[in-house]
Structure formats: C-alpha cells, structure tokens
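Chemist: This is the structure, below, for whatever I ask next.
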Amino acid sequence: MTLAVTAETVERLLGLAGELERRNALLERENALLRIRVTELERRLGLDSSTSSKPPSGDGPGGPVRRTRSLRETGLKKPGGQPGHPGRTLKQMAQADHVIAHRPAVCAGCRTPLQDLPGALA
C-alpha cells in the first residue's frame with residue numbers, strides 16, 4: 001500500500017497546522033487570563049471580617065464561630081483586689097473645699113436660655 005502525497009494535500013495540512021497554532025496561542029492567552037482571575041477569586045474567598053474591612057454580617061453562614069464571651073471559668077476567683085492590698089481611691093470629705101456648678105446654657109427641649117432663671121447652684 002503506497003501513500004500518495006500530493007501538493008494539494010501538503011497545502012491543506014500546512015493550512016490546518018497554521019490554524020491549529022493560531023488557536024493554540026489564543027487558548028494559551030485565554031488560559032493565562034483565567035488563571036489570574038481564579039487566583040484573585042480564591043484570594044477574595046479567603047477574606048472575612050477578621051482579615052479585611054468587610055463587616056461580620058458579610059461573612060455568611062458556615063464560617064468559624066466567633067467567641068462572644070470570655071473563656072475564663074467562672075467562680076474560681078473573687079472579683080476585685082486581693083485581701084490585704086491597700087486601696088488607691090480618693091477619700092470622701094465631709095465638707096468640700098469648693099463647688100463648681102455645671103449648668104446647661106439652654107433648655108434641651110425648648111432651647112430657652114437658662115442664665116437668667118433663678119435656681120440653686122448646689
């Protein structure tokens with residue numbers, strides 16, 4: 001069995017090879033762009049409220065459960081300072097050295113000036 005190769009067959013095969021090379025180059029470019037897009041989408045999928053400025057409500061269901069209360073066991077220690085520790089608070093005095101009156105300049109409801117109204121400063 002002899003294989004007869006004609007000039008017409010060679011031309012057709014060369015044209016087909018050229019077309020396949022052009023399609024291959026196009027597909028390689030498209031593949032590179034899609035890889036970049038997939039990488040970006042995978043990066044965005046990894047974001048949540050703890051790794052971006054996204055609000056916690058946008059995390060969606062199925063995410064990690066966030067701790068909302070203290071993990072400290074209750075009842076092991078009493079709150080406050082330890083016994084025998086001297087306190088560092090200010091002592092209340094029987095008579096104040098001076099009094100500072102803090103009064104609003106206007107009524108919060110009707111915006112009436114309050115400077116001229118009589119009233120105790122204590």
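Going through the structure tokens in order, the chains are called A, B, and so on, while each chain numbers its residues from 1 and the ligands are numbered from 1 in the order shown.
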Can you tell me which residues surround Leu114 of chain A at a distance of at most 6 Å, considering only C-alpha atoms, apart from same-chain residues fewer than 3 positions away, and format the answer as an MDAnalysis selection string?

Modeler: chainID A and resid 105:106 117

Chemist: I need the alpha helix (DSSP H) residues of chain A per DSSP on the backbone, written as a ChimeraX atom specification.

Modeler: /A:7-45

Chemist: In Å, rounded to a single decimal, give me how far atom CA of Thr39 of chain A is from atom CA of Asp59 of chain A.

Modeler: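 Interatomic distance here is 19.8 Å.
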
Chemist: Can you measure atom CA of Ser57 of chain A to atom CA of Leu71 of chain A for me? One decimal in Å is fine.

Modeler: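 Rounded to one decimal, the two atoms are 23.0 Å apart.
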
Chemist: Could you tell me how far atom CA of Arg22 of chain A sits from atom CA of Ala4 of chain A, in Å to one decimal place?

Modeler: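 Distance between the two atoms: 28.2 Å.
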